[in-house]
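Printed here is run_25.pdb (PDB, C-alpha atoms):
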```pdb
ATOM      1  CA  MET T 279      36.757 -35.639  15.590
ATOM      2  CA  GLU T 280      36.246 -33.487  18.653
ATOM      3  CA  ARG T 281      38.464 -30.628  19.737
ATOM      4  CA  ARG T 282      38.494 -28.681  22.983
ATOM      5  CA  PHE T 283      38.878 -24.908  23.140
ATOM      6  CA  ARG T 284      38.862 -22.237  25.801
ATOM      7  CA  VAL T 285      36.812 -19.184  24.791
ATOM      8  CA  THR T 286      36.739 -15.903  26.742
ATOM      9  CA  VAL T 287      33.609 -13.769  26.526
ATOM     10  CA  ASP T 288      33.370 -10.475  28.428
ATOM     11  CA  GLY T 289      36.310 -11.498  30.612
ATOM     12  CA  LYS T 290      34.836 -14.881  31.576
ATOM     13  CA  ALA T 291      36.554 -18.075  30.300
ATOM     14  CA  TYR T 292      34.530 -21.007  28.967
ATOM     15  CA  ASP T 293      35.801 -24.507  28.091
ATOM     16  CA  VAL T 294      34.027 -25.771  24.947
ATOM     17  CA  THR T 295      34.172 -28.944  22.916
ATOM     18  CA  VAL T 296      33.738 -28.644  19.158
ATOM     19  CA  GLU T 297      32.989 -31.545  16.837
ATOM     20  CA  ASP T 298      34.358 -31.351  13.289
ATOM     21  CA  LEU T 299      31.529 -32.261  10.910
ATOM     22  CA  SER T 300      33.400 -31.547   7.693
ATOM     23  CA  GLU T 301      34.235 -35.253   7.261
ATOM     24  CA  GLY T 302      32.527 -38.578   7.842
ATOM     25  CA  ARG T 303      28.887 -39.583   7.795
ATOM     26  CA  ASN T 304      27.695 -36.587   9.874
ATOM     27  CA  LEU T 305      28.665 -34.261   7.055
ATOM     28  CA  LEU T 306      27.418 -30.773   7.846
ATOM     29  CA  TYR T 307      28.310 -29.207   4.502
ATOM     30  CA  PRO T 308      27.811 -31.001   1.161
ATOM     31  CA  GLN T 309      30.770 -31.676  -1.065
ATOM     32  CA  PRO T 310      31.282 -29.018  -3.745
ATOM     33  CA  GLY T 311      29.283 -29.915  -6.864
ATOM     34  CA  SER T 312      27.228 -32.592  -5.075
ATOM     35  CA  MET T 313      24.039 -30.557  -5.148
ATOM     36  CA  THR T 314      22.311 -29.086  -8.144
ATOM     37  CA  VAL T 315      20.122 -26.030  -7.913
ATOM     38  CA  PRO T 316      17.533 -25.437 -10.626
ATOM     39  CA  SER T 317      17.816 -22.212 -12.551
ATOM     40  CA  PRO T 318      15.286 -19.624 -11.480
ATOM     41  CA  ALA T 319      12.303 -19.180 -13.780
ATOM     42  CA  PRO T 320      12.489 -16.086 -15.953
ATOM     43  CA  PRO T 321      10.458 -13.213 -14.525
ATOM     44  CA  ARG T 322       6.970 -12.751 -15.882
ATOM     45  CA  PRO T 323       6.252  -9.503 -17.640
ATOM     46  CA  ALA T 324       4.484  -7.008 -15.409
ATOM     47  CA  ALA T 325       0.763  -6.674 -15.898
ATOM     48  CA  ALA T 326      -0.297  -3.545 -17.693
ATOM     49  CA  PRO T 327      -1.801  -0.980 -15.321
ATOM     50  CA  ALA T 328      -5.537  -0.523 -15.485
ATOM     51  CA  PRO T 329      -6.448   2.355 -17.752
ATOM     52  CA  ALA T 330      -7.244   5.498 -15.815
ATOM     53  CA  ARG T 331     -10.783   6.745 -15.934
ATOM     54  CA  ALA T 332     -10.962   9.658 -18.315
ATOM     55  CA  ALA T 333     -11.739  12.828 -16.425
ATOM     56  CA  ALA T 334     -14.608  14.828 -17.826
ATOM     57  CA  VAL T 335     -13.789  18.334 -18.931
ATOM     58  CA  ALA T 336     -15.203  20.659 -16.300
ATOM     59  CA  GLY T 337     -17.395  23.517 -17.415
ATOM     60  CA  ALA T 338     -18.051  26.857 -15.745
ATOM     61  CA  GLY T 339     -20.971  25.512 -13.694
ATOM     62  CA  ASP T 340     -19.360  22.226 -12.669
ATOM     63  CA  VAL T 341     -18.488  21.443  -9.069
ATOM     64  CA  VAL T 342     -15.299  19.357  -9.174
ATOM     65  CA  ALA T 343     -13.527  17.392  -6.442
ATOM     66  CA  THR T 344     -10.580  19.384  -5.133
ATOM     67  CA  LEU T 345      -9.162  16.255  -3.505
ATOM     68  CA  GLY T 346      -9.641  12.501  -3.575
ATOM     69  CA  GLY T 347     -12.055  11.111  -1.039
ATOM     70  CA  VAL T 348     -15.499   9.647  -0.428
ATOM     71  CA  VAL T 349     -18.817  11.444  -0.863
ATOM     72  CA  GLU T 350     -20.077  11.942   2.707
ATOM     73  CA  SER T 351     -23.320  13.778   1.918
ATOM     74  CA  ILE T 352     -25.135  15.484  -0.944
ATOM     75  CA  ASN T 353     -26.906  18.700   0.040
ATOM     76  CA  VAL T 354     -28.789  19.445  -3.208
ATOM     77  CA  THR T 355     -31.350  17.748  -5.453
ATOM     78  CA  MET T 356     -31.934  17.808  -9.191
ATOM     79  CA  GLY T 357     -33.645  21.046 -10.257
ATOM     80  CA  GLN T 358     -32.792  22.875  -7.035
ATOM     81  CA  ALA T 359     -31.755  26.538  -7.345
ATOM     82  CA  VAL T 360     -28.416  27.372  -5.713
ATOM     83  CA  ASN T 361     -26.386  30.528  -5.159
ATOM     84  CA  ALA T 362     -22.636  30.899  -5.629
ATOM     85  CA  GLY T 363     -20.908  29.610  -2.476
ATOM     86  CA  ASP T 364     -23.784  27.303  -1.375
ATOM     87  CA  LYS T 365     -22.594  23.957   0.025
ATOM     88  CA  VAL T 366     -23.448  21.351  -2.613
ATOM     89  CA  LEU T 367     -21.878  18.240  -1.071
ATOM     90  CA  VAL T 368     -19.290  17.104   1.458
ATOM     91  CA  LEU T 369     -16.232  14.945   0.747
ATOM     92  CA  GLU T 370     -14.508  12.978   3.485
ATOM     93  CA  ALA T 371     -10.755  12.458   3.142
ATOM     94  CA  MET T 372      -8.416  11.302   5.910
ATOM     95  CA  LYS T 373     -11.119  11.714   8.573
ATOM     96  CA  MET T 374     -11.769  15.338   7.557
ATOM     97  CA  ASN T 375     -14.922  16.671   5.923
ATOM     98  CA  SER T 376     -14.454  19.163   3.093
ATOM     99  CA  PRO T 377     -17.465  21.036   1.712
ATOM    100  CA  MET T 378     -17.695  21.484  -2.064
ATOM    101  CA  VAL T 379     -19.499  24.712  -2.965
ATOM    102  CA  ALA T 380     -21.315  25.998  -6.031
ATOM    103  CA  PRO T 381     -19.030  28.115  -8.226
ATOM    104  CA  CYS T 382     -21.967  30.128  -9.555
ATOM    105  CA  ALA T 383     -25.699  30.676  -9.134
ATOM    106  CA  GLY T 384     -28.040  28.457 -11.144
ATOM    107  CA  VAL T 385     -30.070  25.282 -11.112
ATOM    108  CA  VAL T 386     -28.639  21.792 -10.396
ATOM    109  CA  SER T 387     -28.869  20.002 -13.744
ATOM    110  CA  SER T 388     -27.008  16.780 -12.868
ATOM    111  CA  ILE T 389     -25.520  14.950  -9.910
ATOM    112  CA  ALA T 390     -22.773  12.580 -11.050
ATOM    113  CA  VAL T 391     -22.106  10.860  -7.707
ATOM    114  CA  LYS T 392     -23.936   9.283  -4.803
ATOM    115  CA  VAL T 393     -23.150   9.012  -1.101
ATOM    116  CA  GLY T 394     -20.327   6.525  -0.532
ATOM    117  CA  ASP T 395     -18.727   6.955  -3.979
ATOM    118  CA  ALA T 396     -14.950   7.309  -4.082
ATOM    119  CA  VAL T 397     -13.883  10.320  -6.136
ATOM    120  CA  GLU T 398     -10.597  11.560  -7.562
ATOM    121  CA  PRO T 399      -9.271  15.107  -7.768
ATOM    122  CA  GLY T 400     -10.749  16.968 -10.742
ATOM    123  CA  GLN T 401     -13.746  14.643 -11.090
ATOM    124  CA  VAL T 402     -17.026  16.409 -11.904
ATOM    125  CA  LEU T 403     -19.477  15.920  -9.023
ATOM    126  CA  VAL T 404     -22.420  18.238  -9.767
ATOM    127  CA  THR T 405     -23.344  20.395 -12.757
ATOM    128  CA  ILE T 406     -25.083  23.743 -12.305
ATOM    129  CA  ALA T 407     -26.674  25.357 -15.343
TER     130      ALA T 407
END
```
Would you mind writing the file's structure down as structure tokens?
Amino acid sequence: MERRFRVTVDGKAYDVTVEDLSEGRNLLYPQPGSMTVPSPAPPRPAAAPAPARAAAVAGAGDVVATLGGVVESINVTMGQAVNAGDKVLVLEAMKMNSPMVAPCAGVVSSIAVKVGDAVEPGQVLVTIA
């Protein structure tokens, strides 16, 4: 069944014809109870987070990452003598380079990272004995 209406929008009148689709074979809306909807599946339990890598306990001669980032360059080699304050390596984080310096004078006894490694704050990078 069609019905005619006059609708005014922003001060301008429009004549419209509306067809009632609530009855007959052109049914727009289903009859109540005529459709069944399956129950949603119960949610799956969340996966357990990956265990965090245990941070090594830093010693007095350890150079540790002060921030998370990527090793940009390593400026020392195994067995090299360094002074306190010497640049040992460079970390890149958020497009900024941050030098990591030797906390004390000594000899580089281990290098725990390589260029391109991602590091986390507090991670031991180089050990100076």
Item to check | Top pick for closest residue to Ile406 in chain T, considering T:Ile352, T:Leu345, T:Ala338, T:Val391 and counting all atoms listed in the file | outcome: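 For Ile406 in chain T, the nearest of the given residues is T:Ala338.
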Item to check | Matched chain/residue IDs from the PyMOL selection byres ((chain T and resi 347) around 7), as a PyMOL selection string | outcome: chain T and resi 345-346+348-349+369-371+396-398
Can you write out the residues you just picked, keeping C-alpha atoms, as an mmCIF file, keeping the file's coordinate frame?
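Contents of result-v1.cif, freshly written:
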```cif
data_model
loop_
_atom_site.group_PDB
_atom_site.id
_atom_site.type_symbol
_atom_site.label_atom_id
_atom_site.label_comp_id
_atom_site.auth_asym_id
_atom_site.auth_seq_id
_atom_site.Cartn_x
_atom_site.Cartn_y
_atom_site.Cartn_z
ATOM 1 C CA LEU T 345 -9.162 16.255 -3.505
ATOM 2 C CA GLY T 346 -9.641 12.501 -3.575
ATOM 3 C CA VAL T 348 -15.499 9.647 -0.428
ATOM 4 C CA VAL T 349 -18.817 11.444 -0.863
ATOM 5 C CA LEU T 369 -16.232 14.945 0.747
ATOM 6 C CA GLU T 370 -14.508 12.978 3.485
ATOM 7 C CA ALA T 371 -10.755 12.458 3.142
ATOM 8 C CA ALA T 396 -14.950 7.309 -4.082
ATOM 9 C CA VAL T 397 -13.883 10.320 -6.136
ATOM 10 C CA GLU T 398 -10.597 11.560 -7.562
#
```
Next on the checklist: Just to confirm, what's the straight-line distance from CA of Gly384 in chain T to CA of Ser351 in chain T in Å (one decimal)?
Outcome noted: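 That distance, rounded to one decimal, is 20.2 Å.
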Next on the checklist: Using Å and a single decimal, report how far CA of Asn361 in chain T sits from CA of Ala390 in chain T.
Outcome noted: 19.2 Å
Checklist entry - What gap, in Å, lies between CA of Asp395 in chain T and CA of Gly337 in chain T? => result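 Interatomic distance, CA of Asp395 in chain T to CA of Gly337 in chain T: 21.4 Å.
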Checklist entry - Any chance you could work out the residue set of the PyMOL selection byres ((chain T and resi 355) around 12) here, as a list in words? => result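 Matching residues under the PyMOL selection byres ((chain T and resi 355) around 12) are Ser351, Ile352, Asn353, Val354, Met356, Gly357, Gln358, Ala359, Val360, Val366, Leu367, Val385, Val386, Ser387, Ser388, Ile389, Ala390, Val391, Lys392, Val404, Thr405 and Ile406 of chain T.
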Checklist entry - Hey, can you pull every residue with an atom no more than 12 Å from (33.6, -32.8, 21.1), using all atoms listed in the file, and send it as a ChimeraX atom specification? => result /T:279-283,293-299
Give as a CSV table (one decimal) with C-alpha atoms, in the coordinates of the input every residue, naming chains and numbers as the document does, that has an atom within 6 Å of (-21.7, 25.3, -8.3), counting all atoms listed in the file.
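Below is the file out_11.csv, written as the result:
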```csv
chain,number,residue,atom,x,y,z
T,339,GLY,CA,-21.0,25.5,-13.7
T,340,ASP,CA,-19.4,22.2,-12.7
T,341,VAL,CA,-18.5,21.4,-9.1
T,379,VAL,CA,-19.5,24.7,-3.0
T,380,ALA,CA,-21.3,26.0,-6.0
T,381,PRO,CA,-19.0,28.1,-8.2
T,382,CYS,CA,-22.0,30.1,-9.6
T,406,ILE,CA,-25.1,23.7,-12.3
```
Checklist entry - Restricting the calculation to only C-alpha atoms, which member of T:Met372, T:Asp364, T:Pro377, T:Val342 is positioned closest to Pro399 in chain T? => result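 Selected residue with least distance to Pro399 in chain T: T:Val342.
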Checklist outcome for this item: If you count all atoms listed in the file, the residue of T:Met374, T:Ala343, T:Ala383, T:Lys290 closest to Leu403 in chain T turns out to be T:Ala343
